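Worksheet: one structure, shown below.
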Amino acid sequence: MERVIYLNEDVNFLEKATAIVKKIENFLELGITIDMEDESLQKGQNLVTGLSNKCYIFLFDKSDEALINDYETILSDDGTLIDDFTNLLNGFIENNPKSFIKEVENEWFEMPNSQS
């Protein structure tokens with residue numbers, strides 16, 4: 001499924017949106033068929049997620065796109081990159097970071113007054 005949909009004269013937005021919503025409904029097994037032509041709020045949900053007929057428009061710049069592409073690369077990697085990324089995050093979360101406060105204070109107080 002396309003992540004970015006570019007609209008032009010050849011693309012019928014309602015048809016495109018309806019097709020995407022149907023795929024999502026089926027994939028998430030929400031037990032609802034959202035009618036994209038009906039403006040009243042329609043919502044399907046399960047224990048994990050939900051889907052409605054509300055529409056949002058997002059604008060991104062190139063740096064946002066680069067971040068998303070990098071994140072997708074990490075997720076679709078053969079395992080080494082995601083393992084390294086996971087280890088890095090776990091290091092920040094699970095391990096106590098080493099405190100350098102005492103070392104900096106000691107070095108600061110050992111400096112001559114003209115340098116401190």
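Numbering starts fresh at 1 for the residues of each chain in the structure tokens, the chains themselves are lettered A, B, ... in the order given, and ligands are numbered from 1 as they appear.
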Report as a PyMOL selection string all protein, DNA and RNA residues lying within 8 Å of region 72-74 of chain A, evaluated on only C-alpha atoms, omitting residues in the same chain fewer than 6 positions from it. chain A and resi 81-82+85
Take the residues from that selection and put them in a file with C-alpha atoms, as a PDB file, in the first residue's frame.
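Contents of part-v5.pdb, freshly written:
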ATOM      1  CA  LEU A  81      20.678  -2.397  12.564  1.00  0.00           C
ATOM      2  CA  ILE A  82      17.506  -2.943  14.582  1.00  0.00           C
ATOM      3  CA  PHE A  85      19.183   0.414  17.802  1.00  0.00           C
TER       4      PHE A  85
END
Using DSSP on the backbone coordinates, identify all residues within chain A classified as helix (DSSP H, G or I); present the result as a PyMOL selection string. chain A and resi 13-28+62-75+80-94+101-110
C-alpha atoms of the current selection, written as a short mmCIF file (atom, residue, chain, number, x, y, z; two decimals), in the first residue's frame:
data_model
loop_
_atom_site.label_atom_id
_atom_site.label_comp_id
_atom_site.auth_asym_id
_atom_site.auth_seq_id
_atom_site.Cartn_x
_atom_site.Cartn_y
_atom_site.Cartn_z
CA PHE A 13 -9.89 11.11 -3.84
CA LEU A 14 -13.13 9.51 -2.62
CA GLU A 15 -12.53 6.30 -4.59
CA LYS A 16 -8.91 6.15 -3.43
CA ALA A 17 -9.87 6.78 0.22
CA THR A 18 -12.69 4.19 0.09
CA ALA A 19 -10.33 1.51 -1.28
CA ILE A 20 -7.74 2.24 1.43
CA VAL A 21 -10.33 2.25 4.23
CA LYS A 22 -11.71 -1.13 3.05
CA LYS A 23 -8.22 -2.65 3.14
CA ILE A 24 -7.67 -1.31 6.65
CA GLU A 25 -11.12 -2.53 7.83
CA ASN A 26 -10.37 -6.02 6.56
CA PHE A 27 -6.85 -6.12 7.95
CA LEU A 28 -7.85 -4.91 11.42
CA LYS A 62 11.80 16.89 3.33
CA SER A 63 13.49 16.40 6.71
CA ASP A 64 10.33 14.72 8.06
CA GLU A 65 10.35 12.41 5.05
CA ALA A 66 14.01 11.57 5.65
CA LEU A 67 13.29 10.66 9.29
CA ILE A 68 10.42 8.41 8.26
CA ASN A 69 12.60 6.73 5.63
CA ASP A 70 15.37 6.17 8.17
CA TYR A 71 12.91 4.67 10.63
CA GLU A 72 11.48 2.39 7.93
CA THR A 73 15.01 1.30 7.04
CA ILE A 74 15.64 0.36 10.66
CA LEU A 75 12.39 -1.63 10.81
CA THR A 80 21.77 -6.02 12.74
CA LEU A 81 20.68 -2.40 12.56
CA ILE A 82 17.51 -2.94 14.58
CA ASP A 83 19.48 -4.96 17.15
CA ASP A 84 22.00 -2.12 17.51
CA PHE A 85 19.18 0.41 17.80
CA THR A 86 17.39 -1.73 20.39
CA ASN A 87 20.58 -2.16 22.42
CA LEU A 88 21.17 1.59 22.34
CA LEU A 89 17.65 2.33 23.59
CA ASN A 90 17.79 -0.40 26.23
CA GLY A 91 21.11 1.03 27.43
CA PHE A 92 19.41 4.37 28.06
CA ILE A 93 16.35 2.82 29.68
CA GLU A 94 17.64 -0.16 31.64
CA ILE A 101 29.33 15.21 37.91
CA LYS A 102 32.00 14.40 40.52
CA GLU A 103 34.77 14.19 37.92
CA VAL A 104 33.79 17.55 36.40
CA GLU A 105 33.51 19.18 39.84
CA ASN A 106 36.93 17.85 40.87
CA GLU A 107 38.54 19.03 37.65
CA TRP A 108 36.88 22.44 38.01
CA PHE A 109 38.05 22.93 41.59
CA GLU A 110 41.63 21.87 40.70
#
Expressed in Å to a single decimal, how great is the separation between CA of Met36 (chain A) and CA of Leu51 (chain A)?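 These atoms are spaced 12.0 Å apart.
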One-decimal distance in Å that lies between CA of Ile5 (chain A) and CA of Gln45 (chain A): 24.5 Å
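CA of Tyr6 (chain A) sits 20.7 Å away from CA of Glu37 (chain A).
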Could you pull the residues within 9 Å of region 46-49 of chain A, counting only C-alpha atoms, minus those fewer than 4 positions along the same chain, as an mmCIF file with N, CA and C atoms, in the first residue's frame?
data_model
loop_
_atom_site.group_PDB
_atom_site.id
_atom_site.type_symbol
_atom_site.label_atom_id
_atom_site.label_comp_id
_atom_site.auth_asym_id
_atom_site.auth_seq_id
_atom_site.Cartn_x
_atom_site.Cartn_y
_atom_site.Cartn_z
ATOM 1 N N LEU A 28 -7.682 -5.051 9.973
ATOM 2 C CA LEU A 28 -7.848 -4.905 11.420
ATOM 3 C C LEU A 28 -9.051 -5.664 11.972
ATOM 4 N N GLU A 29 -9.847 -6.238 11.084
ATOM 5 C CA GLU A 29 -11.033 -7.006 11.479
ATOM 6 C C GLU A 29 -11.902 -6.211 12.457
ATOM 7 N N LEU A 30 -12.317 -5.016 12.009
ATOM 8 C CA LEU A 30 -13.080 -4.126 12.876
ATOM 9 C C LEU A 30 -14.575 -4.418 12.880
ATOM 10 N N GLY A 31 -15.059 -5.219 11.938
ATOM 11 C CA GLY A 31 -16.478 -5.581 11.916
ATOM 12 C C GLY A 31 -17.386 -4.422 11.533
#
Considering only strand (DSSP E) as DSSP defines it on the backbone, what residues of chain A qualify? List them as a tab-separated table (two decimals) with N, CA and C atoms, in the first residue's frame.
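Below you can see result_27.tsv, which holds the result:
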chain	number	residue	atom	x	y	z
A	43	LYS	N	-17.41	4.85	13.23
A	43	LYS	CA	-16.18	4.41	13.87
A	43	LYS	C	-16.25	2.92	14.17
A	44	GLY	N	-15.18	2.23	13.87
A	44	GLY	CA	-15.03	0.83	14.24
A	44	GLY	C	-13.79	0.70	15.10
A	45	GLN	N	-13.85	-0.17	16.08
A	45	GLN	CA	-12.66	-0.35	16.91
A	45	GLN	C	-12.63	-1.74	17.50
A	50	GLY	N	-8.53	1.63	16.37
A	50	GLY	CA	-9.81	2.10	15.88
A	50	GLY	C	-9.65	2.77	14.54
A	51	LEU	N	-10.76	2.94	13.85
A	51	LEU	CA	-10.78	3.57	12.53
A	51	LEU	C	-12.08	4.34	12.41
A	52	SER	N	-12.00	5.55	11.87
A	52	SER	CA	-13.21	6.34	11.67
A	52	SER	C	-13.16	6.99	10.29
